[in-house]
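See structure below.
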Amino acid sequence: MSTAPSAPGPAGVRGPAISVRDLRQSYGDFEAVRGISFDVAPGELFALLGTNGAGKTTTIETLEGFRRPAAGTVRVLGREPHREAVALRGRVNGVLQHSGVFGELTVAETVDLARDLATDPRDRAEVLDMVDLADRAGVAVRALSGGQRRRLDLALAVLSRPRVLFLDEPTTGMDPEARRGTWKVVSRLVAEGAAVLLTTHYLEEAERLADRLAIMHHGRIRVTGTLDEVLDGWGDRIRFRLPADVRTEDLPELPGATVTVEVRDAVPWAVYTVGGVSAADRAHRAMAALLSWADGRAVSLDRLELRGASLEEVFLGVADETAPEPVPA
């Protein structure tokens with residue numbers, strides 16, 4: 001389990017702004033969330049990643065108060081969201097997968113309606129400028145593109161200056177430029193002290209924004225920590241094209257490494273995974289042993305590379321259920 005700092009954050013919250021302890025949620029006999037725990041501090045973005053059906057949206061819906069925990073506890077700003085929704089209103093907001101705006105209203109009218117319901121809202125012009133919709137203020141919501149509607153959803157979520165913000169696939173349907181603009185808005189909110197819980201299928205989004213992350217699979221958190229901790233725990237990779245005159249069984253054993261053969265575009269590649277503590281040091285020793293073996297056999301190692309694991313590799317490893325144990329923070 002990864003925990004967030006307990007000192008007062010920029011938003012004045014002592015301890016985590018979001019706290020989840022051994023949360024379990026079920027749909028009939030199906031257990032969608034199977035005992036997960038994590039914290040999110042004020043001024044921190046936590047990315048909750050996972051395969052389809054992993055339990056991410058169920059977790060967010062519980063934190064938003066739409067569901068009562070089947071077991072375990074959840075707290076948002078120190079309160080139980082299902083029972084104390086009124087006390088959290090105005091301090092918590094979110095971008096859900098499906099918005100509830102009125103298509104007949106213009107963008108400006110939609111923002112004004114939301115501002116009327118907020119205690120200390122941002123100005124309409126500021127909000128529309130933040131999400132790059134100022135030039136669409138007079139356009140009916142139904143005439144917006146899918147990506148523009150997602151930006152409007154974000155505008156409605158940030159205008160109330162929330163201390164906790166839930167983002168459930170916030171950039172779906174956006175083009176790359178709009179996605180990066182959204183990242184700037186989210187980074188601004190975090191800098192202002194908001195605690196942000198993000199779910200996304202865009203791994204680059206998590207890499208860019210997350211202070212810490214977790215990857216769920218089948219209702220459990222399988223990997224958690226900072227990005228560096230997660231990648232370090234997965235180890236380094238040594239790759240090269242398998243020479244035509246080298247059989248798989250002829251590949252050398254390298255210290256601290258395991259080998260597999262992958263096929264890319266009908267070409268076999270040897271892939272050594274160097275893991276465990278001090279993986280970088282082990283990778284250098286493994287590389288030295290590999291080069292010594294190649295020199296001794298006069299073998300040319302075409303496209304040889306040594307690099308760390310990517311978040312995509314970790315994600316796919318979790319999906320394939322080959323991930324290592326969670327990395328403690």
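The chains in the structure tokens are called A, B, ... from first to last as shown; in each chain the residues are counted from 1, and the ligands are counted from 1 in the order shown.
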
Practice task
May I have the residues within 7 Å of A:Val259 as an NGL selection string, using only C-alpha atoms and disregarding those fewer than 3 positions away in the same chain?
Solution key: :A and (270-273)

Okay, now the selection with all heavy atoms, as a JSON list (two decimals), in the first residue's frame?
```
[["chain", "number", "residue", "atom", "x", "y", "z"],
["A", 270, "ALA", "N", 16.03, -11.53, -29.05],
["A", 270, "ALA", "CA", 16.34, -12.00, -27.71],
["A", 270, "ALA", "C", 16.12, -10.85, -26.74],
["A", 270, "ALA", "O", 16.58, -9.72, -26.98],
["A", 270, "ALA", "CB", 17.78, -12.48, -27.63],
["A", 271, "VAL", "N", 15.39, -11.12, -25.65],
["A", 271, "VAL", "CA", 15.08, -10.09, -24.66],
["A", 271, "VAL", "C", 15.49, -10.61, -23.29],
["A", 271, "VAL", "O", 14.92, -11.60, -22.79],
["A", 271, "VAL", "CB", 13.58, -9.73, -24.66],
["A", 271, "VAL", "CG1", 13.31, -8.64, -23.64],
["A", 271, "VAL", "CG2", 13.14, -9.30, -26.05],
["A", 272, "TYR", "N", 16.45, -9.95, -22.67],
["A", 272, "TYR", "CA", 16.88, -10.27, -21.31],
["A", 272, "TYR", "C", 16.25, -9.26, -20.36],
["A", 272, "TYR", "O", 16.34, -8.04, -20.59],
["A", 272, "TYR", "CB", 18.40, -10.21, -21.17],
["A", 272, "TYR", "CG", 19.13, -11.38, -21.80],
["A", 272, "TYR", "CD1", 19.51, -11.35, -23.13],
["A", 272, "TYR", "CD2", 19.45, -12.50, -21.03],
["A", 272, "TYR", "CE1", 20.18, -12.42, -23.70],
["A", 272, "TYR", "CE2", 20.13, -13.57, -21.59],
["A", 272, "TYR", "CZ", 20.50, -13.52, -22.93],
["A", 272, "TYR", "OH", 21.17, -14.59, -23.49],
["A", 273, "THR", "N", 15.62, -9.76, -19.31],
["A", 273, "THR", "CA", 15.04, -8.90, -18.29],
["A", 273, "THR", "C", 15.90, -8.98, -17.04],
["A", 273, "THR", "O", 16.14, -10.07, -16.51],
["A", 273, "THR", "CB", 13.61, -9.34, -17.94],
["A", 273, "THR", "OG1", 12.80, -9.25, -19.12],
["A", 273, "THR", "CG2", 13.02, -8.44, -16.86]]
```

Exercise for the section: List every residue of stretch 155-258 of chain A that DSSP, applied to the backbone of this structure, assigns to strand (DSSP E or B), and report them as an MDAnalysis selection string. Expected result: chainID A and resid 164:168 195:199 212:217 220:225 236:241 257:258

Selection from above, N, CA and C atoms, as a compact mmCIF listing (two decimals), in the first residue's frame, can you write it?
```txt
# COMPACT_ATOMS: atom_id res chain seq x y z
N VAL A 164 -10.97 18.60 -4.12
CA VAL A 164 -10.78 17.24 -4.61
C VAL A 164 -11.44 17.14 -5.97
N LEU A 165 -10.72 16.59 -6.93
CA LEU A 165 -11.23 16.49 -8.30
C LEU A 165 -11.05 15.06 -8.80
N PHE A 166 -12.14 14.46 -9.26
CA PHE A 166 -12.11 13.13 -9.85
C PHE A 166 -12.18 13.25 -11.37
N LEU A 167 -11.23 12.66 -12.06
CA LEU A 167 -11.17 12.72 -13.51
C LEU A 167 -11.24 11.30 -14.05
N ASP A 168 -12.37 10.92 -14.62
CA ASP A 168 -12.57 9.58 -15.14
C ASP A 168 -12.52 9.64 -16.66
N ALA A 195 -6.39 17.92 -4.69
CA ALA A 195 -6.06 16.49 -4.78
C ALA A 195 -6.82 15.93 -5.97
N VAL A 196 -6.12 15.28 -6.89
CA VAL A 196 -6.74 14.81 -8.12
C VAL A 196 -6.57 13.30 -8.24
N LEU A 197 -7.68 12.62 -8.48
CA LEU A 197 -7.65 11.19 -8.77
C LEU A 197 -8.03 11.01 -10.24
N LEU A 198 -7.11 10.46 -11.01
CA LEU A 198 -7.26 10.34 -12.46
C LEU A 198 -7.33 8.88 -12.87
N THR A 199 -8.30 8.54 -13.72
CA THR A 199 -8.25 7.27 -14.45
C THR A 199 -8.11 7.60 -15.93
N ARG A 212 2.04 9.89 -8.20
CA ARG A 212 2.09 8.46 -7.92
C ARG A 212 1.00 7.78 -8.74
N LEU A 213 1.11 6.46 -8.89
CA LEU A 213 0.12 5.73 -9.68
C LEU A 213 -0.06 4.33 -9.12
N ALA A 214 -1.17 3.72 -9.51
CA ALA A 214 -1.42 2.32 -9.19
C ALA A 214 -2.05 1.68 -10.42
N ILE A 215 -1.76 0.40 -10.62
CA ILE A 215 -2.35 -0.36 -11.73
C ILE A 215 -3.21 -1.46 -11.12
N MET A 216 -4.50 -1.45 -11.47
CA MET A 216 -5.45 -2.45 -10.98
C MET A 216 -5.65 -3.55 -12.02
N HIS A 217 -5.97 -4.74 -11.51
CA HIS A 217 -6.34 -5.85 -12.38
C HIS A 217 -7.21 -6.80 -11.57
N ARG A 220 -7.94 -5.72 -7.90
CA ARG A 220 -6.85 -5.56 -6.93
C ARG A 220 -5.80 -4.62 -7.49
N ILE A 221 -5.10 -3.92 -6.60
CA ILE A 221 -3.94 -3.12 -7.01
C ILE A 221 -2.74 -4.05 -7.08
N ARG A 222 -2.15 -4.14 -8.26
CA ARG A 222 -1.02 -5.05 -8.47
C ARG A 222 0.33 -4.34 -8.42
N VAL A 223 0.36 -3.07 -8.81
CA VAL A 223 1.60 -2.29 -8.83
C VAL A 223 1.27 -0.90 -8.33
N THR A 224 2.11 -0.34 -7.48
CA THR A 224 1.86 1.02 -7.00
C THR A 224 3.17 1.69 -6.62
N GLY A 225 3.19 3.02 -6.67
CA GLY A 225 4.37 3.80 -6.32
C GLY A 225 4.51 4.99 -7.24
N ASP A 236 15.31 -3.69 -16.00
CA ASP A 236 15.81 -3.19 -17.28
C ASP A 236 15.72 -4.28 -18.34
N ARG A 237 15.86 -3.86 -19.60
CA ARG A 237 15.77 -4.78 -20.73
C ARG A 237 17.01 -4.67 -21.62
N ILE A 238 17.56 -5.81 -21.98
CA ILE A 238 18.60 -5.90 -23.01
C ILE A 238 17.98 -6.64 -24.19
N ARG A 239 18.03 -6.03 -25.36
CA ARG A 239 17.41 -6.61 -26.55
C ARG A 239 18.39 -6.61 -27.71
N PHE A 240 18.25 -7.58 -28.58
CA PHE A 240 18.97 -7.59 -29.86
C PHE A 240 18.31 -8.60 -30.78
N ARG A 241 18.49 -8.39 -32.07
CA ARG A 241 17.97 -9.35 -33.03
C ARG A 241 18.75 -10.65 -32.90
N ALA A 257 19.66 -12.16 -14.83
CA ALA A 257 18.75 -11.92 -15.94
C ALA A 257 18.04 -13.19 -16.37
N THR A 258 16.84 -13.01 -16.90
CA THR A 258 16.10 -14.09 -17.54
C THR A 258 15.89 -13.73 -18.99
```

Exercise for the section: Grab the atom CA of A:Val158 to atom CA of A:Val186 distance for me, in Å with one decimal place. Expected result: 9.1 Å

Problem - stretch 57-67 of chain A environment, 8 Å, only C-alpha atoms, sequence neighbours closer than 6 positions dropped, as a count of residues only - result: 14

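Here atom CA of A:Ser37 stands at a distance of 21.7 Å from atom CA of A:Asp232.
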
Practice task
Quick one: everything within 10 Å of stretch 288-296 of chain A, counting only C-alpha atoms, minus sequence neighbours fewer than 2 positions away in the same chain. Send it as a PyMOL selection string.
Solution key: chain A and resi 238+251-255+282-286+298-301

The selected residues should be written to file as an mmCIF file, in the first residue's frame (atoms: C-alpha atoms).
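That gives us again_9.cif:
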```cif
data_model
loop_
_atom_site.group_PDB
_atom_site.id
_atom_site.type_symbol
_atom_site.label_atom_id
_atom_site.label_comp_id
_atom_site.auth_asym_id
_atom_site.auth_seq_id
_atom_site.Cartn_x
_atom_site.Cartn_y
_atom_site.Cartn_z
ATOM 1 C CA ILE A 238 18.601 -5.905 -23.008
ATOM 2 C CA LEU A 251 21.929 -17.907 -25.826
ATOM 3 C CA PRO A 252 24.131 -17.330 -22.795
ATOM 4 C CA GLU A 253 22.996 -17.171 -19.193
ATOM 5 C CA LEU A 254 23.579 -13.633 -17.922
ATOM 6 C CA PRO A 255 23.937 -12.729 -14.236
ATOM 7 C CA ARG A 282 23.003 -5.748 -12.645
ATOM 8 C CA ALA A 283 22.114 -4.644 -16.186
ATOM 9 C CA HIS A 284 25.630 -3.314 -16.734
ATOM 10 C CA ARG A 285 27.142 -6.579 -15.484
ATOM 11 C CA ALA A 286 24.764 -8.568 -17.671
ATOM 12 C CA ALA A 298 32.424 -13.641 -33.168
ATOM 13 C CA VAL A 299 28.686 -12.968 -33.095
ATOM 14 C CA SER A 300 27.299 -9.623 -34.234
ATOM 15 C CA LEU A 301 24.465 -8.349 -32.023
#
```

Exercise for the section: Identify which of the residues A:Val107, A:Leu113, A:Phe38, A:Leu154 lies closest to A:Asp135, counting only C-alpha atoms when measuring atom-to-atom distances. Expected result: A:Val107

Exercise for the section: May I ask which of the residues A:Ala178, A:Leu117, A:His218, A:Ser187 is the closest one to A:Asp320, counting only C-alpha atoms? Expected result: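 Using only C-alpha atoms, A:Asp320 sits closest to A:His218.
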